[in-house]
$ cat model.txt   # compact mmCIF, C-alpha atoms
# COMPACT_ATOMS: atom_id res chain seq x y z
CA MET A 1 0.00 0.00 0.00
CA THR A 2 2.78 2.42 0.78
CA ALA A 3 3.87 2.34 -2.85
CA LEU A 4 0.45 3.68 -3.87
CA LYS A 5 0.57 6.53 -1.44
CA SER A 6 1.21 9.85 -3.11
CA LYS A 7 4.36 11.57 -1.92
CA ARG A 8 3.11 14.98 -2.89
CA PRO A 9 3.11 17.41 0.03
CA VAL A 10 -0.24 18.42 1.45
CA ASN A 11 -1.17 21.41 3.59
CA LEU A 12 1.62 23.62 2.29
CA PRO A 13 2.21 26.75 4.36
CA LEU A 14 0.47 29.79 2.87
CA SER A 15 3.79 31.65 2.61
CA GLN A 16 5.09 28.92 0.28
CA VAL A 17 1.91 28.95 -1.82
CA ILE A 18 2.22 32.72 -2.20
CA SER A 19 5.95 32.74 -3.00
CA VAL A 20 5.55 30.05 -5.69
CA ASN A 21 2.52 31.74 -7.26
CA LEU A 22 4.12 35.21 -7.26
CA LYS A 23 6.65 33.86 -9.79
CA SER A 24 3.88 33.14 -12.29
CA PRO A 25 2.19 35.98 -14.20
CA VAL A 26 -0.64 33.54 -15.01
CA ALA A 27 -1.31 32.89 -11.31
CA ILE A 28 -1.10 36.60 -10.43
CA GLY A 29 -3.48 37.47 -13.24
CA SER A 30 -5.89 34.72 -12.24
CA ILE A 31 -6.23 35.76 -8.61
CA LEU A 32 -6.45 39.46 -9.56
CA HIS A 33 -9.25 38.60 -12.01
CA ARG A 34 -11.21 37.12 -9.09
CA ILE A 35 -10.38 39.91 -6.62
CA SER A 36 -11.27 42.61 -9.16
CA GLY A 37 -14.58 40.85 -9.89
CA VAL A 38 -15.50 40.83 -6.19
CA VAL A 39 -14.47 44.51 -5.84
CA ILE A 40 -16.69 45.50 -8.79
CA PHE A 41 -19.59 43.48 -7.37
CA LEU A 42 -19.29 45.13 -3.94
CA LEU A 43 -19.28 48.61 -5.50
CA ILE A 44 -22.38 48.05 -7.69
CA PRO A 45 -24.69 49.83 -5.17
CA ALA A 46 -22.45 52.92 -5.21
CA LEU A 47 -22.40 52.83 -9.02
CA LEU A 48 -26.19 52.52 -9.25
CA TYR A 49 -26.65 55.37 -6.76
CA VAL A 50 -24.40 57.72 -8.77
CA LEU A 51 -26.03 56.65 -12.03
CA GLN A 52 -29.52 57.24 -10.66
CA ARG A 53 -28.79 60.66 -9.19
CA SER A 54 -26.83 61.84 -12.23
CA LEU A 55 -29.87 61.13 -14.41
CA ALA A 56 -32.60 62.25 -11.98
CA SER A 57 -32.44 66.03 -12.61
CA GLU A 58 -29.99 68.77 -13.50
CA GLN A 59 -29.77 69.69 -9.81
CA ASP A 60 -28.97 66.10 -8.82
CA PHE A 61 -26.40 65.86 -11.61
CA ASN A 62 -24.64 68.94 -10.29
CA VAL A 63 -24.65 67.56 -6.74
CA VAL A 64 -22.96 64.38 -8.04
CA HIS A 65 -20.55 66.30 -10.28
CA ASP A 66 -19.53 69.05 -7.83
CA GLU A 67 -20.21 67.87 -4.29
CA ILE A 68 -19.98 64.05 -4.32
CA PHE A 69 -17.10 63.86 -6.84
CA GLY A 70 -15.58 66.95 -5.21
CA ASN A 71 -14.65 64.75 -2.25
CA VAL A 72 -11.22 63.19 -2.72
CA VAL A 73 -12.23 60.07 -0.76
CA VAL A 74 -15.09 59.46 -3.20
CA ARG A 75 -12.70 59.95 -6.12
CA LEU A 76 -10.35 57.38 -4.59
CA VAL A 77 -13.22 54.88 -4.32
CA VAL A 78 -14.19 55.63 -7.94
CA TRP A 79 -10.57 55.01 -8.90
CA VAL A 80 -10.55 51.65 -7.04
CA PHE A 81 -13.74 50.74 -8.95
CA LEU A 82 -12.19 51.80 -12.26
CA ALA A 83 -8.97 49.90 -11.44
CA GLY A 84 -11.00 46.75 -10.84
CA LEU A 85 -13.00 47.34 -14.01
CA ILE A 86 -9.91 47.97 -16.17
CA PHE A 87 -8.12 44.86 -14.93
CA HIS A 88 -11.22 42.64 -15.10
CA LEU A 89 -11.96 43.86 -18.63
CA ILE A 90 -8.46 43.31 -20.01
CA ALA A 91 -8.01 39.96 -18.23
CA GLY A 92 -11.47 38.97 -19.46
CA ILE A 93 -10.55 39.74 -23.09
CA LYS A 94 -7.45 37.56 -22.67
CA HIS A 95 -9.67 34.82 -21.23
CA LEU A 96 -12.14 34.99 -24.14
CA LEU A 97 -9.25 34.91 -26.62
CA ALA A 98 -7.84 31.82 -24.86
CA ASP A 99 -11.29 30.20 -25.15
CA ALA A 100 -11.04 30.86 -28.90
CA GLY A 101 -7.60 29.20 -29.00
CA VAL A 102 -5.47 32.37 -28.98
CA ALA A 103 -2.44 32.34 -26.60
CA GLU A 104 -3.53 29.21 -24.76
CA GLU A 105 -0.18 27.37 -24.71
CA LEU A 106 2.26 27.57 -21.79
CA GLN A 107 4.64 30.21 -23.18
CA SER A 108 2.08 32.19 -25.17
CA GLY A 109 -0.22 32.15 -22.14
CA ARG A 110 2.55 33.49 -19.94
CA ASN A 111 3.31 36.24 -22.45
CA ALA A 112 -0.38 37.14 -22.69
CA SER A 113 -0.58 37.32 -18.88
CA TRP A 114 2.40 39.68 -18.78
CA LEU A 115 0.74 41.83 -21.44
CA VAL A 116 -2.49 41.95 -19.38
CA LEU A 117 -0.55 43.03 -16.26
CA VAL A 118 1.38 45.74 -18.13
CA LEU A 119 -1.61 47.12 -20.08
CA SER A 120 -3.88 47.23 -17.05
CA GLY A 121 -1.10 48.85 -15.00
CA ILE A 122 -0.88 51.63 -17.58
CA GLY A 123 -4.68 51.96 -17.69
CA ILE A 124 -4.99 52.06 -13.90
CA ALA A 125 -2.26 54.72 -13.65
CA ALA A 126 -4.03 56.79 -16.33
CA ALA A 127 -7.33 56.39 -14.45
CA PHE A 128 -5.64 57.76 -11.32
CA VAL A 129 -4.56 60.86 -13.23
CA TRP A 130 -8.04 61.27 -14.73
CA VAL A 131 -10.17 60.69 -11.64
CA VAL A 132 -8.15 61.42 -8.51
CA LEU A 133 -5.80 64.26 -9.50
CA MET B 1 -25.65 15.95 -9.04
CA LYS B 2 -26.91 19.27 -10.30
CA SER B 3 -25.86 22.33 -8.38
CA ALA B 4 -28.89 23.99 -6.82
CA THR B 5 -27.14 27.31 -6.26
CA GLY B 6 -25.58 27.82 -9.69
CA LEU B 7 -27.40 30.06 -12.16
CA THR B 8 -28.81 27.52 -14.65
CA GLY B 9 -28.20 24.17 -12.91
CA SER B 10 -25.80 23.25 -15.71
CA GLY B 11 -22.08 23.98 -15.62
CA SER B 12 -21.78 24.30 -19.39
CA ARG B 13 -24.80 26.61 -19.56
CA ASP B 14 -23.35 28.78 -16.76
CA TRP B 15 -20.12 28.87 -18.77
CA VAL B 16 -21.97 30.16 -21.86
CA VAL B 17 -23.93 32.76 -19.83
CA GLN B 18 -20.65 34.01 -18.34
CA ARG B 19 -19.07 34.46 -21.80
CA ILE B 20 -22.03 36.07 -23.57
CA SER B 21 -22.66 38.47 -20.67
CA ALA B 22 -18.92 39.26 -20.62
CA ILE B 23 -19.08 40.49 -24.22
CA VAL B 24 -22.10 42.72 -23.49
CA LEU B 25 -20.47 44.11 -20.33
CA ALA B 26 -17.17 44.79 -22.11
CA ALA B 27 -18.92 46.60 -24.98
CA TYR B 28 -21.04 48.73 -22.62
CA THR B 29 -18.04 49.60 -20.44
CA LEU B 30 -16.05 50.77 -23.46
CA VAL B 31 -18.97 52.82 -24.85
CA VAL B 32 -19.89 54.57 -21.57
CA LEU B 33 -16.32 55.06 -20.31
CA GLY B 34 -15.29 56.27 -23.77
CA TRP B 35 -18.16 58.76 -23.81
CA LEU B 36 -17.31 60.02 -20.30
CA LEU B 37 -13.62 60.32 -21.17
CA CYS B 38 -14.26 62.28 -24.39
CA HIS B 39 -16.79 64.62 -22.75
CA SER B 40 -14.76 65.30 -19.63
CA MET B 41 -11.66 66.01 -21.74
CA SER B 42 -13.56 68.52 -23.90
CA HIS B 43 -15.41 70.00 -20.86
CA LEU B 44 -18.80 68.95 -22.21
CA LEU B 45 -19.74 66.82 -19.22
CA ASP B 46 -23.06 68.33 -18.15
CA TYR B 47 -26.59 67.11 -17.43
CA THR B 48 -28.01 67.95 -20.87
CA HIS B 49 -25.36 65.97 -22.75
CA TRP B 50 -25.32 63.08 -20.25
CA TYR B 51 -29.11 62.72 -20.11
CA GLY B 52 -29.38 63.21 -23.85
CA PHE B 53 -26.90 60.37 -24.42
CA MET B 54 -28.05 57.84 -21.80
CA MET B 55 -31.78 58.26 -22.34
CA THR B 56 -31.86 57.70 -26.09
CA LYS B 57 -33.78 54.52 -27.05
CA PRO B 58 -30.67 52.56 -28.16
CA MET B 59 -28.76 53.43 -24.98
CA LYS B 60 -31.76 52.59 -22.76
CA LEU B 61 -32.00 49.18 -24.43
CA PHE B 62 -28.22 48.72 -24.19
CA SER B 63 -28.36 49.63 -20.48
CA LEU B 64 -31.19 47.16 -19.87
CA LEU B 65 -29.28 44.40 -21.65
CA THR B 66 -26.19 45.28 -19.60
CA ILE B 67 -28.07 45.17 -16.28
CA LEU B 68 -29.40 41.70 -17.18
CA SER B 69 -25.89 40.62 -18.23
CA LEU B 70 -24.42 42.00 -15.00
CA ALA B 71 -26.90 39.96 -12.95
CA GLY B 72 -26.04 36.73 -14.78
CA HIS B 73 -22.30 37.42 -14.82
CA ALA B 74 -22.17 38.29 -11.11
CA TRP B 75 -24.24 35.23 -10.16
CA VAL B 76 -21.87 32.83 -11.96
CA GLY B 77 -18.71 34.67 -10.88
CA ILE B 78 -19.51 35.05 -7.19
CA TRP B 79 -20.82 31.46 -7.11
CA THR B 80 -17.43 30.28 -8.45
CA VAL B 81 -15.53 32.26 -5.81
CA PHE B 82 -17.69 31.02 -2.92
CA THR B 83 -17.64 27.36 -3.98
CA ASP B 84 -13.84 27.55 -4.26
CA TYR B 85 -13.02 29.29 -0.99
CA VAL B 86 -15.90 28.80 1.46
CA ASN B 87 -15.90 25.15 2.48
CA ALA B 88 -18.41 25.25 5.34
CA VAL B 89 -21.75 24.41 3.67
CA GLY B 90 -23.91 26.46 6.03
CA VAL B 91 -21.80 29.60 5.71
CA ARG B 92 -21.63 29.19 1.94
CA LEU B 93 -25.41 28.84 1.60
CA VAL B 94 -25.97 32.01 3.64
CA LEU B 95 -23.42 33.93 1.53
CA GLN B 96 -24.91 32.63 -1.71
CA ALA B 97 -28.44 33.52 -0.60
CA ALA B 98 -27.28 37.04 0.33
CA THR B 99 -25.60 37.33 -3.09
CA VAL B 100 -28.70 36.22 -4.98
CA ILE B 101 -30.92 38.64 -3.03
CA SER B 102 -28.44 41.50 -3.70
CA ILE B 103 -28.34 40.67 -7.40
CA ILE B 104 -32.15 40.72 -7.64
CA VAL B 105 -32.26 44.08 -5.81
CA PHE B 106 -29.56 45.51 -8.16
CA LEU B 107 -31.50 44.18 -11.14
CA PHE B 108 -34.76 45.93 -10.21
CA TRP B 109 -32.92 49.08 -9.11
CA GLY B 110 -31.04 49.23 -12.41
CA VAL B 111 -34.13 48.65 -14.53
CA GLN B 112 -36.04 51.30 -12.56
CA ILE B 113 -33.37 53.94 -13.35
CA PHE B 114 -34.08 53.62 -17.04
CA TRP B 115 -37.78 52.68 -17.09

$ encode --input "model.txt" --output "structure tokens"
Amino acid sequence: MTALKSKRPVNLPLSQVISVNLKSPVAIGSILHRISGVVIFLLIPALLYVLQRSLASEQDFNVVHDEIFGNVVVRLVVWVFLAGLIFHLIAGIKHLLADAGVAEELQSGRNASWLVLVLSGIGIAAAFVWVVL
Amino acid sequence: MKSATGLTGSGSRDWVVQRISAIVLAAYTLVVLGWLLCHSMSHLLDYTHWYGFMMTKPMKLFSLLTILSLAGHAWVGIWTVFTDYVNAVGVRLVLQAATVISIIVFLFWGVQIFW
């Protein structure tokens, strides 16, 4: 029976799981895709509130535009939302392309994951300049 | 066994819903963010332009389609996250029920903004 027993380690310490996965752009992209999805989901009520008020009347629009968005904390939250959206969108496009057979091999997949990280990093930085500053 | 808490009760159907809704959500995001970017850059971001853009028939329909897609996409996505990371069945069921209720509230709220 001992010969059949798998020798693979179980219950690896979290620090080891993290250090191994941080070396892989695919793993980083995968977990960020999930985290960004959850962040977007949690901010849906805030998004709907802003959308509703901005369309309710000219007065409400101006309150959203000048007072609500005038607060730097709100703009930071909007930026976090946009950051999640930008990453989720770009990673999602990569995912759909992989479904269609584009960049689905080991090396091409790694390259595509790097591209997603770089492009979304640029987009998120640009969003910071647009929304927060 | 079929999953009772997934969206359609079929993994492959959930998979298709996730992809089709993803395309709608991506298109809507690019259109609305693109519009906001252009209008804020050219200092034309005011109520008249915003309302005039969002409340046209095509945009109202596009928004409705997007709200429906968001509900389906969030259901499948959050379900995946919970089934992967929350192992205690009782806790997971409570979280999934809360998610489904939130999604239904968001759905009606979103529809009511445009209709």

$ closest_residue --input "model.txt" --among "B:Tyr51, B:Ile101, B:Gly34, B:Ser3" --to "chain A" --atoms "only C-alpha atoms"
B:Tyr51

$ residues_around --input "model.txt" --residues "B:Leu45" --least-positions-apart "5" --cutoff "12 Å" --atoms "all atoms listed in the file" --output "list of chain:residue names"
A:Ser54, A:Glu58, A:Phe61, A:Asn62, A:Val64, A:His65, A:Asp66, B:Trp35, B:Leu36, B:Leu37, B:Cys38, B:His39, B:Ser40, B:Trp50, B:Tyr51, B:Gly52, B:Phe53

$ interface_residues --input "model.txt" --of "chain B" --to "chain A" --cutoff "7 Å" --atoms "only C-alpha atoms" --output "ChimeraX atom specification"
/B:26,47,51,74,110,113

$ write_last_selection --input "model.txt" --atoms "C-alpha atoms" --output "PDB file, keeping the file's coordinate frame"
ATOM      1  CA  ALA B  26     -17.170  44.790 -22.110  1.00  0.00           C
ATOM      2  CA  TYR B  47     -26.590  67.110 -17.430  1.00  0.00           C
ATOM      3  CA  TYR B  51     -29.110  62.720 -20.110  1.00  0.00           C
ATOM      4  CA  ALA B  74     -22.170  38.290 -11.110  1.00  0.00           C
ATOM      5  CA  GLY B 110     -31.040  49.230 -12.410  1.00  0.00           C
ATOM      6  CA  ILE B 113     -33.370  53.940 -13.350  1.00  0.00           C
TER       7      ILE B 113
END

$ atom_distance --input "model.txt" --atom1 "atom CA of A:Ile124" --atom2 "atom CA of A:Val77"
12.9 Å

$ atom_distance --input "model.txt" --atom1 "atom CA of A:Asn71" --atom2 "atom CA of A:Ala83"
18.4 Å

$ atom_distance --input "model.txt" --atom1 "atom CA of B:Ile104" --atom2 "atom CA of A:Lys94"
29.1 Å

$ residues_around --input "model.txt" --residues "A:Leu97" --least-positions-apart "5" --cutoff "12 Å" --atoms "only C-alpha atoms" --output "PyMOL selection string"
(chain A and resi 90-92+102-105+108-109+112-113) or (chain B and resi 19+23)

$ residues_around --input "model.txt" --residues "A:Leu76" --least-positions-apart "6" --cutoff "9 Å" --atoms "all atoms listed in the file" --output "list in words"
Phe128, Val131 and Val132 of chain A

$ closest_residue --input "model.txt" --among "B:Val76, B:Ala97, B:Val81, B:Val86" --to "A:Ser30" --atoms "only C-alpha atoms"
B:Val81

$ axis_aligned_box --input "model.txt" --around "stretch 89-94 of chain A" --padding-each-side "4 Å" --output "AutoDock Vina command-line options"
--center_x -9.7 --center_y 40.7 --center_z -20.7 --size_x 12.5 --size_y 14.3 --size_z 12.9

$ closest_residue --input "model.txt" --among "A:Ala98, A:Val50, A:Leu32, A:Lys7" --to "A:Phe69" --atoms "all atoms listed in the file"
A:Val50

$ decode --input "model.txt" --residues "stretch 57-90 of chain B" --atoms "N, CA and C atoms" --output "PDB file, in the first residue's frame"
ATOM      1  N   LYS B  57     -33.244  55.897 -26.994  1.00  0.00           N
ATOM      2  CA  LYS B  57     -33.777  54.523 -27.047  1.00  0.00           C
ATOM      3  C   LYS B  57     -32.676  53.464 -27.145  1.00  0.00           C
ATOM      4  N   PRO B  58     -31.716  53.608 -28.074  1.00  0.00           N
ATOM      5  CA  PRO B  58     -30.675  52.562 -28.163  1.00  0.00           C
ATOM      6  C   PRO B  58     -29.879  52.397 -26.863  1.00  0.00           C
ATOM      7  N   MET B  59     -29.538  53.530 -26.209  1.00  0.00           N
ATOM      8  CA  MET B  59     -28.759  53.435 -24.975  1.00  0.00           C
ATOM      9  C   MET B  59     -29.587  52.854 -23.832  1.00  0.00           C
ATOM     10  N   LYS B  60     -30.904  53.169 -23.806  1.00  0.00           N
ATOM     11  CA  LYS B  60     -31.757  52.586 -22.765  1.00  0.00           C
ATOM     12  C   LYS B  60     -31.824  51.071 -22.923  1.00  0.00           C
ATOM     13  N   LEU B  61     -31.962  50.627 -24.165  1.00  0.00           N
ATOM     14  CA  LEU B  61     -32.003  49.184 -24.431  1.00  0.00           C
ATOM     15  C   LEU B  61     -30.660  48.539 -24.085  1.00  0.00           C
ATOM     16  N   PHE B  62     -29.565  49.223 -24.476  1.00  0.00           N
ATOM     17  CA  PHE B  62     -28.217  48.720 -24.194  1.00  0.00           C
ATOM     18  C   PHE B  62     -28.008  48.631 -22.675  1.00  0.00           C
ATOM     19  N   SER B  63     -28.492  49.635 -21.935  1.00  0.00           N
ATOM     20  CA  SER B  63     -28.359  49.635 -20.477  1.00  0.00           C
ATOM     21  C   SER B  63     -29.147  48.480 -19.863  1.00  0.00           C
ATOM     22  N   LEU B  64     -30.355  48.251 -20.376  1.00  0.00           N
ATOM     23  CA  LEU B  64     -31.189  47.155 -19.871  1.00  0.00           C
ATOM     24  C   LEU B  64     -30.502  45.811 -20.097  1.00  0.00           C
ATOM     25  N   LEU B  65     -29.991  45.639 -21.312  1.00  0.00           N
ATOM     26  CA  LEU B  65     -29.277  44.401 -21.654  1.00  0.00           C
ATOM     27  C   LEU B  65     -28.057  44.221 -20.739  1.00  0.00           C
ATOM     28  N   THR B  66     -27.377  45.333 -20.447  1.00  0.00           N
ATOM     29  CA  THR B  66     -26.188  45.278 -19.598  1.00  0.00           C
ATOM     30  C   THR B  66     -26.536  44.924 -18.157  1.00  0.00           C
ATOM     31  N   ILE B  67     -27.648  45.480 -17.656  1.00  0.00           N
ATOM     32  CA  ILE B  67     -28.072  45.170 -16.282  1.00  0.00           C
ATOM     33  C   ILE B  67     -28.397  43.676 -16.166  1.00  0.00           C
ATOM     34  N   LEU B  68     -29.097  43.141 -17.178  1.00  0.00           N
ATOM     35  CA  LEU B  68     -29.398  41.695 -17.184  1.00  0.00           C
ATOM     36  C   LEU B  68     -28.106  40.881 -17.236  1.00  0.00           C
ATOM     37  N   SER B  69     -27.161  41.323 -18.096  1.00  0.00           N
ATOM     38  CA  SER B  69     -25.885  40.617 -18.227  1.00  0.00           C
ATOM     39  C   SER B  69     -25.104  40.668 -16.920  1.00  0.00           C
ATOM     40  N   LEU B  70     -25.141  41.841 -16.267  1.00  0.00           N
ATOM     41  CA  LEU B  70     -24.421  41.998 -14.999  1.00  0.00           C
ATOM     42  C   LEU B  70     -24.956  41.021 -13.957  1.00  0.00           C
ATOM     43  N   ALA B  71     -26.291  40.877 -13.917  1.00  0.00           N
ATOM     44  CA  ALA B  71     -26.904  39.960 -12.953  1.00  0.00           C
ATOM     45  C   ALA B  71     -26.433  38.520 -13.206  1.00  0.00           C
ATOM     46  N   GLY B  72     -26.474  38.096 -14.453  1.00  0.00           N
ATOM     47  CA  GLY B  72     -26.039  36.726 -14.781  1.00  0.00           C
ATOM     48  C   GLY B  72     -24.556  36.523 -14.532  1.00  0.00           C
ATOM     49  N   HIS B  73     -23.755  37.506 -14.949  1.00  0.00           N
ATOM     50  CA  HIS B  73     -22.296  37.422 -14.824  1.00  0.00           C
ATOM     51  C   HIS B  73     -21.880  37.378 -13.343  1.00  0.00           C
ATOM     52  N   ALA B  74     -22.510  38.234 -12.534  1.00  0.00           N
ATOM     53  CA  ALA B  74     -22.173  38.287 -11.105  1.00  0.00           C
ATOM     54  C   ALA B  74     -22.591  36.993 -10.412  1.00  0.00           C
ATOM     55  N   TRP B  75     -23.764  36.473 -10.780  1.00  0.00           N
ATOM     56  CA  TRP B  75     -24.237  35.231 -10.165  1.00  0.00           C
ATOM     57  C   TRP B  75     -23.212  34.113 -10.388  1.00  0.00           C
ATOM     58  N   VAL B  76     -22.816  33.915 -11.640  1.00  0.00           N
ATOM     59  CA  VAL B  76     -21.874  32.826 -11.960  1.00  0.00           C
ATOM     60  C   VAL B  76     -20.510  33.094 -11.320  1.00  0.00           C
ATOM     61  N   GLY B  77     -20.039  34.338 -11.392  1.00  0.00           N
ATOM     62  CA  GLY B  77     -18.705  34.670 -10.884  1.00  0.00           C
ATOM     63  C   GLY B  77     -18.599  34.537  -9.371  1.00  0.00           C
ATOM     64  N   ILE B  78     -19.558  35.104  -8.661  1.00  0.00           N
ATOM     65  CA  ILE B  78     -19.509  35.048  -7.193  1.00  0.00           C
ATOM     66  C   ILE B  78     -19.741  33.601  -6.719  1.00  0.00           C
ATOM     67  N   TRP B  79     -20.601  32.884  -7.425  1.00  0.00           N
ATOM     68  CA  TRP B  79     -20.823  31.459  -7.108  1.00  0.00           C
ATOM     69  C   TRP B  79     -19.496  30.697  -7.198  1.00  0.00           C
ATOM     70  N   THR B  80     -18.729  30.963  -8.258  1.00  0.00           N
ATOM     71  CA  THR B  80     -17.434  30.284  -8.446  1.00  0.00           C
ATOM     72  C   THR B  80     -16.495  30.579  -7.287  1.00  0.00           C
ATOM     73  N   VAL B  81     -16.432  31.857  -6.896  1.00  0.00           N
ATOM     74  CA  VAL B  81     -15.527  32.261  -5.812  1.00  0.00           C
ATOM     75  C   VAL B  81     -15.939  31.582  -4.496  1.00  0.00           C
ATOM     76  N   PHE B  82     -17.231  31.614  -4.181  1.00  0.00           N
ATOM     77  CA  PHE B  82     -17.688  31.018  -2.916  1.00  0.00           C
ATOM     78  C   PHE B  82     -17.474  29.504  -2.896  1.00  0.00           C
ATOM     79  N   THR B  83     -17.794  28.824  -3.995  1.00  0.00           N
ATOM     80  CA  THR B  83     -17.640  27.360  -3.981  1.00  0.00           C
ATOM     81  C   THR B  83     -16.164  26.973  -3.898  1.00  0.00           C
ATOM     82  N   ASP B  84     -15.265  27.864  -4.349  1.00  0.00           N
ATOM     83  CA  ASP B  84     -13.835  27.546  -4.256  1.00  0.00           C
ATOM     84  C   ASP B  84     -13.240  27.818  -2.875  1.00  0.00           C
ATOM     85  N   TYR B  85     -13.710  28.874  -2.209  1.00  0.00           N
ATOM     86  CA  TYR B  85     -13.019  29.295  -0.992  1.00  0.00           C
ATOM     87  C   TYR B  85     -13.797  29.088   0.296  1.00  0.00           C
ATOM     88  N   VAL B  86     -15.122  28.959   0.225  1.00  0.00           N
ATOM     89  CA  VAL B  86     -15.896  28.797   1.462  1.00  0.00           C
ATOM     90  C   VAL B  86     -16.329  27.336   1.556  1.00  0.00           C
ATOM     91  N   ASN B  87     -15.667  26.592   2.431  1.00  0.00           N
ATOM     92  CA  ASN B  87     -15.898  25.153   2.480  1.00  0.00           C
ATOM     93  C   ASN B  87     -17.033  24.741   3.415  1.00  0.00           C
ATOM     94  N   ALA B  88     -17.321  25.583   4.417  1.00  0.00           N
ATOM     95  CA  ALA B  88     -18.413  25.252   5.337  1.00  0.00           C
ATOM     96  C   ALA B  88     -19.746  25.457   4.618  1.00  0.00           C
ATOM     97  N   VAL B  89     -20.528  24.362   4.484  1.00  0.00           N
ATOM     98  CA  VAL B  89     -21.745  24.409   3.665  1.00  0.00           C
ATOM     99  C   VAL B  89     -22.735  25.463   4.163  1.00  0.00           C
ATOM    100  N   GLY B  90     -22.939  25.509   5.484  1.00  0.00           N
ATOM    101  CA  GLY B  90     -23.909  26.456   6.032  1.00  0.00           C
ATOM    102  C   GLY B  90     -23.546  27.897   5.725  1.00  0.00           C
TER     103      GLY B  90
END
